[in-house]
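Heads up, the thing below is written out as structure tokens.
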Amino acid sequence: RFVVSLLGGVDQLAMDHFKKLMLTLKNFYHPSNTGSFQLRLQRFLCLAKYFCIRYHKERLTTSSWYHVIPETHCLTDSDVTEFCQCLRPIVEVSMFSRYGSMETARLLRDLVMLRPELFIPTVLDKSYAALETLNEPHQILNVMPCLSVVARALLTGGKSVGTDNIARYPEGPTHLLPVLRCLLPGIDSNDFSKTVLTATVISAFATLLPIVDCSELLHAGRELDETQKALCEASSQWEDFLLQLLDRCFCVFEQLALEPEVTAGRLAGMDDSSQESLMGAKLSMSMLHLLQQCSPPIFEVVCKRMFSFATAHVLESKMAGGAFADMLENACQINPELVWKIFFPHCCQTVLQLAADGDPTSEKADNDLVWNLQLITSLGNGVDDTALQYKEEILCLLRATLHMKNKETYSMASDFLAGLLGSQTTLFCPEKRSTEEDFTASPLDRDYLKDWGAGMHVDDINVKWHVPTEAELDFASFLLEQFLDPEMKKLQELADGKCEMEKEEFHLRLYIVNACLEGAASILPDIGTGQPVIDPARLQIASCVPLTSPMFRCTCPSQDKAAKQHASRRLDSAQLFHNLLDYIWKCREDDTTAMTMIVNCYCILVTDEGCARERVDARQMYNESRSTIFFDRVTGKKNRPRSVLIDRVELQHLKRMVTRYTLPLTVAHIAVLDRIVKLSLSRYTIVRIAAQQVLPTFACRFFGSIRHCLPAVLDCLKESESLTHEHLKGALFILHQEPFLIFMSGRYRDMQMILPPLLQADHSEKPSIVQLVKLIIRELLVQGNYPSLHECMTDDCLDAARSLAETCQLAGVEELVARGRLSELKASDEHVTAYHGLITSLVQILNDEKVRLSHLQFCGGVLSALIRHDHPLPAPAVKVYLNGLVHDVLLYRRLSWGTLAIILRQLRHPTDKIAYSARELINGCRPREGCDSLSPEDGEEVNNTGAQFPGGLRADNSWIAYNPDNLPTTKEAWNKFQFVHKPHLGYAGWPRKLLLYAPPGEQHSLADHQDNLSESEAMIRDAFLSEEFVSKLVGFFSQEVQKGRDMFDTGRFQLFKSLFRNYLNSFVAILRPHVERLAQDPLENNQRCAAEIIAAMLASCRHWSYDQIESLKEWLVPLLRSVFQRLSVDTARDWYTCISSSVGDRDPRSLYWLYELLFSCQLTADGGSFGDASRLHVLELAICETEWKAPLLLHRVHKLLHQNISNPYNLIRKSVASMLGSCVLRYDNRVMGLEFPGQVPACKDFLDEL
């Protein structure tokens, strides 16, 4: 974006540099250069995207919030041409890149709309060469995406609508038929990738032009230019091309039928069957886009060829038959009258004849019957009132096939019934041509060539909807009476025990009922219509507003009228399924197929309003892929192909149909929910999975549904003889679903009800159960969306509400406020009580001696996540983690020391602070106690945000810099010294009001607090004053866990840091012998533990008194000197971390004695060159943490390094060089705008000395 912003304008310097850059990068985009760098280079090509955005903003945006660019700095035509010419060589070589061909296609999509004459010839030349090659088939896969994105520019002759509208490549349309003919060999059943890409390219071209024979214009005496003549002559080949394409598709279908295992070019993660399904679907969609653009004569020829193939072949029903049926279904959606006229009479007669001649009780169906019935099934989807002309034939067909014994046959007949019901009762778009007018007019009366590549604004597409007529809805109602009611009556007799029924017949009738309910879902009212609503109080839901939201249905008036005739059909169906389930559990407990089908029926009854969510998701993915191909970043969203826009409009309608809006629970919903929950806990895996897929949708749609079903789920977590492993697994899978996870972290009362049983679910030790509980706990911990304990409306919000009420002249506002305050207090008390109850339950689990290791970790993690900043953790919970520090299990110890550090941070007592004003600070003097208000004459020097200065050392902040002549070396100086620990304070200015820690002599809060500790604080103090506890703790902390992988643990460091911060030096005496022993031990793990404790002492002693600091200094100085003299390869890294953690965010003046110690230890030759290099690195880390506050220390370091810059040892020379670059010469940097004039070592002086 920055590069694109520099281009253009009067000065062409940026464009010259851009040309050189692209010329330099050209070879790196060549396919022979492969590596990880190519991905970054391909991402760099997104500059074409920002160039098009800038072009659109400058030339096509009439009004905008953006800053108006002066005309002198706008892009000119020559700038656009030069930009495209710079990228053209890169496009040519990167088109065949191994990794970035798709990125090149996106780049080409943007560039071809700017200068099509530069890129279309290149793409055509590469495409012809790739399509004709035999020994480099990979070129075809790289060329196809590029060919798709240039399709529109090619067909329009290089016009860019909305810009200059000039045909920059007028001969482009003449390449259409030659390119399409070259693409035909790409449809190959042995190459999956090539076939899919070929179908995509054909679809892209077909979407953009009418397929009409315009050859008669050549003999009509019209004045045509050479291009128009060539196009008219080529248009006579459309029929031949479509027939050749059909023949190739049929060959692929036959190959799928003969050898379903053989598929080349497999994609990762896809098996043979999924690849074949995708191949058939892509070919069917390409034919859909071609047929919807065909003129009626050509369409009829294609349908007849399809009919000839269908009558001469019998394909297997899964792969090949399904692909052909999809193609026939697409053709039927375009022109149902013609397709039904050609196919339905023949197929219907064949099916009826074969059904009459065959044995109706045979479970083996005739292949011809299945094939013709599959063709009829494809005719049922998307048909309009054409089906009304074949009423009698349809009824005869359904009566003859619905009750056949063969499952494949009756399922196809049921699917035909469902599709027919759906097409007769729903809204859909019957036509999606590229133009509003159809293609019935003669070429002499209409110029079809101007429609090639035409786009349209969304306001001008004039969508034509199929609205169900009364005749269609009456026919749908008649079908329900004929085929649904008898089945429901027969099933009710079975449920009542009045008749017997074989399993196969039972499944058949359930399948028919399922199909009828799914097809007629758009005219069936909600199951809860007219049912009593469950009282929210019964579900423990408190609300100040009514929860009875209105029912929303995306329907038309004719559908609403038809729905009144079926007011109770969903409710009657639900009652039937309740009875059937009771019958199954009593008499056919192992009939998993029937239970799965009933679950599907429940899903339709509760959530289906005429369209399934899966169908909408698939449509959205396909629509997004098409929109990506035709997206024009130059003209924006104002010009898209009409068929793409209509697809998006229809998708929006489908989204409205599947919108999940929340409704109140009724008695009917409760009955369905109870059975879904019971099925979700079934012993059969397939039944549990099916029911658990429905449960989240139910939970998201109805108020209180989760709360209602939780008791049944939680009962399965308790150990009982009647409960099995499957019940526990089903309950855990339910709790792992997203709605239940959100519910569990919503209120402490609900968490108190769910978490203890979940954490105690121990009647199964299978690894799958343990892993499932682990996933649930992890999701709860990751979400961390726990509610607040105290609900309180702020005064500002109340004032705004009062102002609004006064404006609206509302009465009784103060009464409402008073009631609200009482409600807040009551809710806060309930939250605190539930919180303490939850903590108590978890502590009881952790204190149980028989608790399992997995439950110990899970429960400890949950309890740790419940720690709040605004409410202290109860003392029993603190004791749990205190005991966990010396637990035998490492994972639990690690959890305990991390949690206890958080608890100590929660328990820390506030320190004394003093406020200072910005005026005091910018005067260059030491701050004084008090905070005077700023005077108006401060002007720009001090504003609302404080005082701003150039970064660096100045007169106003020099008092906080490290000065060896002004250090707190005496008790009197220490007690009055003002430390500023945060390094950013004073660097580039001062805040308007600054709070600093009071000088050590005035810090009384922490010392006084040691005599008034709370129960939790006293418990921690007593534990760490116990020699037995500390010895055991240090022993655990100094253990080796993983050889070579252990390192300085920041969790243990934070624990000790919080201890020394809260309790000052209370624990130094008891830890001193352990630290001395560990520090003198050469073992790596022992020295690491000592480094963690010492680092914590140094980091937390900022509030200690002078006597405490002196005592610490007298002990640590000789100890650290001894440690630094014996640094080894194994221990040096831990001491590096120790020093950097100690001095970080510390005023260097408060640890002046540590810096003096580090300087005194340098280059003593103890430990050889490694020892000297390590000590230099320790000093480097300490000096870097001082940031800008210690320029005098930098001079001291510079003098030390200058004397050793030619040291004979390589390690020491490397350390010297590292220190020079990282700290000594770091601040002599004018590029960063730093100001240290004469105060820090200068690079120039160093080079002169060198």
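In the structure tokens, chains take letters A, B, ... by order of appearance, with residues numbered from 1 within each chain and ligands from 1 in the order shown.
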
Fill in: Selection near Gln424 of chain A, 7 Å with only C-alpha atoms, sequence-local residues under 3 positions removed, as a ChimeraX atom specification
/A:384,420-421,468,472-473,476

Worksheet item: Contacts of segment 1106-1108 of chain A at 8 Å or less, counting only C-alpha atoms, minus same-chain residues fewer than 6 places along, as an MDAnalysis selection string?
Response: chainID A and resid 971 974:975 1000 1065

Dump as a CSV table (one decimal), in the first residue's frame, selection limited to all heavy atoms:
```csv
chain,number,residue,atom,x,y,z
A,971,LYS,N,21.9,5.6,55.0
A,971,LYS,CA,20.5,5.4,55.4
A,971,LYS,C,19.6,6.6,55.2
A,971,LYS,O,18.5,6.5,54.8
A,971,LYS,CB,20.5,4.9,56.8
A,971,LYS,CG,19.1,4.6,57.4
A,971,LYS,CD,19.1,4.0,58.8
A,971,LYS,CE,17.7,3.6,59.2
A,971,LYS,NZ,17.8,3.0,60.6
A,974,TRP,N,19.0,7.0,51.5
A,974,TRP,CA,18.0,6.0,51.1
A,974,TRP,C,16.6,6.3,51.4
A,974,TRP,O,15.7,6.1,50.6
A,974,TRP,CB,18.5,4.7,51.6
A,974,TRP,CG,17.6,3.5,51.3
A,974,TRP,CD1,16.5,3.0,51.9
A,974,TRP,CD2,17.7,2.7,50.1
A,974,TRP,NE1,15.9,2.0,51.3
A,974,TRP,CE2,16.6,1.8,50.1
A,974,TRP,CE3,18.6,2.7,49.0
A,974,TRP,CZ2,16.4,0.8,49.1
A,974,TRP,CZ3,18.4,1.7,48.0
A,974,TRP,CH2,17.3,0.8,48.1
A,975,ASN,N,16.4,6.7,52.7
A,975,ASN,CA,15.0,7.0,53.1
A,975,ASN,C,14.4,8.2,52.4
A,975,ASN,O,13.2,8.3,52.4
A,975,ASN,CB,15.0,7.2,54.6
A,975,ASN,CG,15.3,6.0,55.4
A,975,ASN,OD1,15.1,4.9,54.9
A,975,ASN,ND2,15.9,6.1,56.6
A,1000,PRO,N,11.6,5.3,50.3
A,1000,PRO,CA,11.6,4.1,51.3
A,1000,PRO,C,11.4,4.5,52.7
A,1000,PRO,O,10.8,3.8,53.5
A,1000,PRO,CB,13.0,3.5,51.1
A,1000,PRO,CG,13.4,3.9,49.7
A,1000,PRO,CD,12.8,5.2,49.5
A,1065,ASN,N,11.3,-9.2,53.9
A,1065,ASN,CA,12.4,-10.1,54.1
A,1065,ASN,C,12.2,-11.2,55.1
A,1065,ASN,O,13.1,-11.8,55.7
A,1065,ASN,CB,13.7,-9.4,54.4
A,1065,ASN,CG,13.7,-8.7,55.8
A,1065,ASN,OD1,12.6,-8.5,56.3
A,1065,ASN,ND2,14.8,-8.5,56.4
```

Interface rows for segment 590-631 of chain A against segment 132-148 of chain A: nearest pair, Å to one decimal, 12 Å, only C-alpha atoms, as a tab-separated table:
```
residue	atom	partner	partner_atom	distance
A:Ser625	CA	A:Ser148	CA	11.6
A:Arg626	CA	A:Ser148	CA	10.2
A:Ser627	CA	A:Ser148	CA	11.8
A:Thr628	CA	A:Ser148	CA	10.3
A:Ile629	CA	A:Ser148	CA	6.7
A:Phe630	CA	A:Ser148	CA	8.7
A:Phe631	CA	A:Ser148	CA	11.5
```

Item to complete: Using only C-alpha atoms, determine which residues lie at most 12 Å from Asn963 of chain A, disregarding the query and same-chain residues fewer than 2 positions distant; provide the list as a count of residues only.
Response: 21

Show me, as a PDB file with all heavy atoms, in the first residue's frame, the residues that have an atom within 10 Å of Tyr50 of chain A when counting only C-alpha atoms, minus same-chain residues fewer than 2 positions from it.
```pdb
ATOM      1  N   ARG A   1       0.838  -1.202   0.000  1.00  0.00           N
ATOM      2  CA  ARG A   1       0.000   0.000   0.000  1.00  0.00           C
ATOM      3  C   ARG A   1       0.878   1.258   0.000  1.00  0.00           C
ATOM      4  O   ARG A   1       0.563   2.253  -0.643  1.00  0.00           O
ATOM      5  CB  ARG A   1      -0.899  -0.031   1.234  1.00  0.00           C
ATOM      6  CG  ARG A   1      -1.946   1.052   1.252  1.00  0.00           C
ATOM      7  CD  ARG A   1      -2.883   0.902   2.436  1.00  0.00           C
ATOM      8  NE  ARG A   1      -3.652  -0.319   2.348  1.00  0.00           N
ATOM      9  CZ  ARG A   1      -4.584  -0.673   3.224  1.00  0.00           C
ATOM     10  NH1 ARG A   1      -4.847   0.115   4.255  1.00  0.00           N
ATOM     11  NH2 ARG A   1      -5.245  -1.795   3.095  1.00  0.00           N
ATOM     12  N   PHE A   2       1.986   1.200   0.735  1.00  0.00           N
ATOM     13  CA  PHE A   2       2.895   2.343   0.756  1.00  0.00           C
ATOM     14  C   PHE A   2       3.527   2.563  -0.614  1.00  0.00           C
ATOM     15  O   PHE A   2       3.644   3.695  -1.089  1.00  0.00           O
ATOM     16  CB  PHE A   2       3.969   2.095   1.818  1.00  0.00           C
ATOM     17  CG  PHE A   2       5.063   3.128   1.843  1.00  0.00           C
ATOM     18  CD1 PHE A   2       4.808   4.415   2.291  1.00  0.00           C
ATOM     19  CD2 PHE A   2       6.338   2.819   1.413  1.00  0.00           C
ATOM     20  CE1 PHE A   2       5.809   5.364   2.319  1.00  0.00           C
ATOM     21  CE2 PHE A   2       7.344   3.757   1.439  1.00  0.00           C
ATOM     22  CZ  PHE A   2       7.082   5.039   1.895  1.00  0.00           C
ATOM     23  N   VAL A   3       3.929   1.465  -1.272  1.00  0.00           N
ATOM     24  CA  VAL A   3       4.547   1.585  -2.598  1.00  0.00           C
ATOM     25  C   VAL A   3       3.558   2.174  -3.592  1.00  0.00           C
ATOM     26  O   VAL A   3       3.889   3.070  -4.376  1.00  0.00           O
ATOM     27  CB  VAL A   3       5.061   0.209  -3.070  1.00  0.00           C
ATOM     28  CG1 VAL A   3       5.512   0.274  -4.519  1.00  0.00           C
ATOM     29  CG2 VAL A   3       6.196  -0.260  -2.183  1.00  0.00           C
ATOM     30  N   VAL A   4       2.321   1.691  -3.562  1.00  0.00           N
ATOM     31  CA  VAL A   4       1.316   2.173  -4.499  1.00  0.00           C
ATOM     32  C   VAL A   4       1.010   3.649  -4.259  1.00  0.00           C
ATOM     33  O   VAL A   4       0.785   4.412  -5.199  1.00  0.00           O
ATOM     34  CB  VAL A   4       0.037   1.317  -4.384  1.00  0.00           C
ATOM     35  CG1 VAL A   4      -1.116   1.948  -5.140  1.00  0.00           C
ATOM     36  CG2 VAL A   4       0.301  -0.090  -4.896  1.00  0.00           C
ATOM     37  N   SER A   5       1.035   4.076  -3.025  1.00  0.00           N
ATOM     38  CA  SER A   5       0.749   5.474  -2.719  1.00  0.00           C
ATOM     39  C   SER A   5       1.815   6.410  -3.260  1.00  0.00           C
ATOM     40  O   SER A   5       1.549   7.582  -3.532  1.00  0.00           O
ATOM     41  CB  SER A   5       0.630   5.663  -1.205  1.00  0.00           C
ATOM     42  OG  SER A   5      -0.400   4.868  -0.679  1.00  0.00           O
ATOM     43  N   LEU A  45       2.805  -9.377  -4.440  1.00  0.00           N
ATOM     44  CA  LEU A  45       2.063  -8.980  -5.644  1.00  0.00           C
ATOM     45  C   LEU A  45       0.676  -8.436  -5.331  1.00  0.00           C
ATOM     46  O   LEU A  45      -0.031  -8.019  -6.243  1.00  0.00           O
ATOM     47  CB  LEU A  45       1.935 -10.182  -6.594  1.00  0.00           C
ATOM     48  CG  LEU A  45       3.250 -10.693  -7.188  1.00  0.00           C
ATOM     49  CD1 LEU A  45       2.991 -11.863  -8.116  1.00  0.00           C
ATOM     50  CD2 LEU A  45       3.993  -9.595  -7.917  1.00  0.00           C
ATOM     51  N   CYS A  46       0.277  -8.424  -4.071  1.00  0.00           N
ATOM     52  CA  CYS A  46      -1.004  -7.827  -3.714  1.00  0.00           C
ATOM     53  C   CYS A  46      -0.996  -6.318  -3.938  1.00  0.00           C
ATOM     54  O   CYS A  46      -2.032  -5.661  -3.795  1.00  0.00           O
ATOM     55  CB  CYS A  46      -1.358  -8.125  -2.269  1.00  0.00           C
ATOM     56  SG  CYS A  46      -0.315  -7.281  -1.067  1.00  0.00           S
ATOM     57  N   LEU A  47       0.163  -5.751  -4.320  1.00  0.00           N
ATOM     58  CA  LEU A  47       0.192  -4.314  -4.621  1.00  0.00           C
ATOM     59  C   LEU A  47      -0.723  -3.979  -5.802  1.00  0.00           C
ATOM     60  O   LEU A  47      -1.195  -2.842  -5.918  1.00  0.00           O
ATOM     61  CB  LEU A  47       1.614  -3.834  -4.874  1.00  0.00           C
ATOM     62  CG  LEU A  47       2.479  -4.562  -5.915  1.00  0.00           C
ATOM     63  CD1 LEU A  47       2.279  -4.014  -7.303  1.00  0.00           C
ATOM     64  CD2 LEU A  47       3.950  -4.459  -5.543  1.00  0.00           C
ATOM     65  N   ALA A  48      -0.992  -4.966  -6.690  1.00  0.00           N
ATOM     66  CA  ALA A  48      -1.948  -4.719  -7.773  1.00  0.00           C
ATOM     67  C   ALA A  48      -3.344  -4.474  -7.220  1.00  0.00           C
ATOM     68  O   ALA A  48      -4.108  -3.667  -7.754  1.00  0.00           O
ATOM     69  CB  ALA A  48      -1.965  -5.901  -8.744  1.00  0.00           C
ATOM     70  N   CYS A  52      -5.480  -1.017  -7.865  1.00  0.00           N
ATOM     71  CA  CYS A  52      -6.852  -0.941  -8.397  1.00  0.00           C
ATOM     72  C   CYS A  52      -7.760  -0.171  -7.443  1.00  0.00           C
ATOM     73  O   CYS A  52      -8.650   0.572  -7.891  1.00  0.00           O
ATOM     74  CB  CYS A  52      -7.396  -2.351  -8.630  1.00  0.00           C
ATOM     75  SG  CYS A  52      -6.603  -3.227  -9.978  1.00  0.00           S
ATOM     76  N   ILE A  53      -7.558  -0.346  -6.146  1.00  0.00           N
ATOM     77  CA  ILE A  53      -8.367   0.401  -5.174  1.00  0.00           C
ATOM     78  C   ILE A  53      -8.109   1.901  -5.325  1.00  0.00           C
ATOM     79  O   ILE A  53      -9.047   2.712  -5.306  1.00  0.00           O
ATOM     80  CB  ILE A  53      -8.050  -0.075  -3.744  1.00  0.00           C
ATOM     81  CG1 ILE A  53      -8.534  -1.517  -3.549  1.00  0.00           C
ATOM     82  CG2 ILE A  53      -8.685   0.838  -2.712  1.00  0.00           C
ATOM     83  CD1 ILE A  53      -8.143  -2.121  -2.225  1.00  0.00           C
ATOM     84  N   ARG A  54      -6.846   2.261  -5.484  1.00  0.00           N
ATOM     85  CA  ARG A  54      -6.527   3.682  -5.671  1.00  0.00           C
ATOM     86  C   ARG A  54      -7.106   4.192  -6.990  1.00  0.00           C
ATOM     87  O   ARG A  54      -7.650   5.293  -7.047  1.00  0.00           O
ATOM     88  CB  ARG A  54      -5.011   3.869  -5.647  1.00  0.00           C
ATOM     89  CG  ARG A  54      -4.586   5.317  -5.867  1.00  0.00           C
ATOM     90  CD  ARG A  54      -3.089   5.477  -5.889  1.00  0.00           C
ATOM     91  NE  ARG A  54      -2.726   6.839  -6.263  1.00  0.00           N
ATOM     92  CZ  ARG A  54      -1.495   7.252  -6.475  1.00  0.00           C
ATOM     93  NH1 ARG A  54      -0.476   6.411  -6.349  1.00  0.00           N
ATOM     94  NH2 ARG A  54      -1.259   8.509  -6.818  1.00  0.00           N
ATOM     95  N   TYR A  55      -7.010   3.392  -8.036  1.00  0.00           N
ATOM     96  CA  TYR A  55      -7.559   3.789  -9.341  1.00  0.00           C
ATOM     97  C   TYR A  55      -9.065   4.012  -9.239  1.00  0.00           C
ATOM     98  O   TYR A  55      -9.603   4.993  -9.771  1.00  0.00           O
ATOM     99  CB  TYR A  55      -7.232   2.691 -10.351  1.00  0.00           C
ATOM    100  CG  TYR A  55      -7.682   2.986 -11.768  1.00  0.00           C
ATOM    101  CD1 TYR A  55      -6.855   3.637 -12.661  1.00  0.00           C
ATOM    102  CD2 TYR A  55      -8.937   2.581 -12.227  1.00  0.00           C
ATOM    103  CE1 TYR A  55      -7.254   3.896 -13.960  1.00  0.00           C
ATOM    104  CE2 TYR A  55      -9.350   2.830 -13.513  1.00  0.00           C
ATOM    105  CZ  TYR A  55      -8.503   3.485 -14.376  1.00  0.00           C
ATOM    106  OH  TYR A  55      -8.915   3.739 -15.653  1.00  0.00           O
ATOM    107  N   HIS A  56      -9.745   3.115  -8.555  1.00  0.00           N
ATOM    108  CA  HIS A  56     -11.198   3.240  -8.391  1.00  0.00           C
ATOM    109  C   HIS A  56     -11.545   4.474  -7.568  1.00  0.00           C
ATOM    110  O   HIS A  56     -12.492   5.207  -7.895  1.00  0.00           O
ATOM    111  CB  HIS A  56     -11.737   1.984  -7.706  1.00  0.00           C
ATOM    112  CG  HIS A  56     -13.192   2.045  -7.367  1.00  0.00           C
ATOM    113  ND1 HIS A  56     -14.182   1.789  -8.294  1.00  0.00           N
ATOM    114  CD2 HIS A  56     -13.831   2.347  -6.207  1.00  0.00           C
ATOM    115  CE1 HIS A  56     -15.364   1.930  -7.716  1.00  0.00           C
ATOM    116  NE2 HIS A  56     -15.174   2.265  -6.447  1.00  0.00           N
ATOM    117  N   ASP A 110      -6.986  -8.502 -11.510  1.00  0.00           N
ATOM    118  CA  ASP A 110      -6.984  -7.057 -11.297  1.00  0.00           C
ATOM    119  C   ASP A 110      -6.344  -6.314 -12.455  1.00  0.00           C
ATOM    120  O   ASP A 110      -6.849  -5.279 -12.901  1.00  0.00           O
ATOM    121  CB  ASP A 110      -6.253  -6.733  -9.986  1.00  0.00           C
ATOM    122  CG  ASP A 110      -6.964  -7.302  -8.768  1.00  0.00           C
ATOM    123  OD1 ASP A 110      -8.206  -7.439  -8.836  1.00  0.00           O
ATOM    124  OD2 ASP A 110      -6.290  -7.614  -7.774  1.00  0.00           O
ATOM    125  N   ARG A 633     -12.302  -5.362  -9.270  1.00  0.00           N
ATOM    126  CA  ARG A 633     -11.899  -4.382  -8.268  1.00  0.00           C
ATOM    127  C   ARG A 633     -11.837  -2.971  -8.843  1.00  0.00           C
ATOM    128  O   ARG A 633     -11.839  -1.988  -8.097  1.00  0.00           O
ATOM    129  CB  ARG A 633     -10.540  -4.768  -7.689  1.00  0.00           C
ATOM    130  CG  ARG A 633     -10.356  -4.322  -6.247  1.00  0.00           C
ATOM    131  CD  ARG A 633      -8.998  -4.744  -5.733  1.00  0.00           C
ATOM    132  NE  ARG A 633      -8.820  -6.168  -5.739  1.00  0.00           N
ATOM    133  CZ  ARG A 633      -9.230  -6.977  -4.769  1.00  0.00           C
ATOM    134  NH1 ARG A 633      -9.854  -6.475  -3.728  1.00  0.00           N
ATOM    135  NH2 ARG A 633      -9.023  -8.276  -4.834  1.00  0.00           N
TER     136      ARG A 633
END
```

Discussion item. Could you list, as an NGL selection string, every residue within 12 Å of segment 653-660 of chain A, counting only C-alpha atoms and ignoring same-chain residues fewer than 4 positions away?
Written reply: :A and (426-429 or 465 or 521-522 or 551-556 or 604 or 606-620 or 646-649 or 696-702)

Worksheet, complete the sentence: Of A:Asp188, A:Asp535, A:Glu502, A:Glu117, the one nearest to Tyr169 of chain A when counting only C-alpha atoms is A:Glu117

Practice prompt. Can you check which residues of segment 661-739 of chain A DSSP gives as helix (DSSP H, G or I) on the backbone and send them as a ChimeraX atom specification?
Written response: /A:667-680,685-701,705-715,725-735,738-739

Discussion item. Taking 6 positions as the minimum chain separation for residues in the same chain, which residues sit within 12 Å of Gln1203 of chain A when counting only C-alpha atoms? Answer as JSON, numbers by chain.
Written reply: {"A": [1163, 1196, 1197, 1212, 1213, 1216, 1249, 1250]}

Just C-alpha atoms for this one: save the residues we selected as a compact mmCIF listing (two decimals), in the first residue's frame.
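So the final result, stored in out.txt, reads:
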```
# COMPACT_ATOMS: atom_id res chain seq x y z
CA LEU A 1163 37.97 -9.88 32.87
CA ARG A 1196 32.36 3.21 31.77
CA VAL A 1197 31.48 0.13 29.72
CA ILE A 1212 35.71 -12.30 24.45
CA ARG A 1213 35.95 -10.37 21.17
CA VAL A 1216 32.80 -7.04 23.20
CA GLU A 1249 39.75 5.57 18.08
CA LEU A 1250 39.54 2.25 16.29
```

Practice prompt. Compile the contact shell of Cys86 of chain A as a PyMOL selection string: residues with an atom at most 9 Å away, counting only C-alpha atoms, same-chain residues fewer than 5 positions apart removed.
Written response: chain A and resi 18-20+22-23+81

Residues of the last selection are to be written out with N, CA and C atoms, as a short mmCIF file (atom, residue, chain, number, x, y, z; two decimals), in the first residue's frame.
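Okay, this is what ended up in again_12.cif:
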```
data_model
loop_
_atom_site.label_atom_id
_atom_site.label_comp_id
_atom_site.auth_asym_id
_atom_site.auth_seq_id
_atom_site.Cartn_x
_atom_site.Cartn_y
_atom_site.Cartn_z
N PHE A 18 10.42 1.66 -8.91
CA PHE A 18 9.53 0.50 -8.99
C PHE A 18 9.88 -0.38 -10.19
N LYS A 19 10.19 0.25 -11.31
CA LYS A 19 10.60 -0.52 -12.50
C LYS A 19 11.86 -1.34 -12.21
N LYS A 20 12.83 -0.71 -11.55
CA LYS A 20 14.07 -1.43 -11.25
C LYS A 20 13.82 -2.56 -10.27
N MET A 22 11.01 -4.35 -9.88
CA MET A 22 10.33 -5.45 -10.57
C MET A 22 11.27 -6.18 -11.51
N LEU A 23 12.16 -5.43 -12.15
CA LEU A 23 13.14 -6.06 -13.05
C LEU A 23 14.10 -6.93 -12.25
N THR A 81 -0.38 2.44 -17.46
CA THR A 81 0.27 1.59 -18.47
C THR A 81 1.66 1.16 -18.00
#
```

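Take atom CA of Lys282 of chain A and atom CA of Ser643 of chain A: the distance between them is 17.1 Å.
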
Worksheet item: Can you list, as a VMD selection string, every residue of segment 964-1045 of chain A that DSSP puts in strand (DSSP E)?
Response: chain A and resid 989 to 990 993 to 997

Practice prompt. For atom CA of Asn335 of chain A and atom CA of Ser203 of chain A, quote the distance in Å rounded to one decimal.
Written response: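 A separation of 18.8 Å between them.
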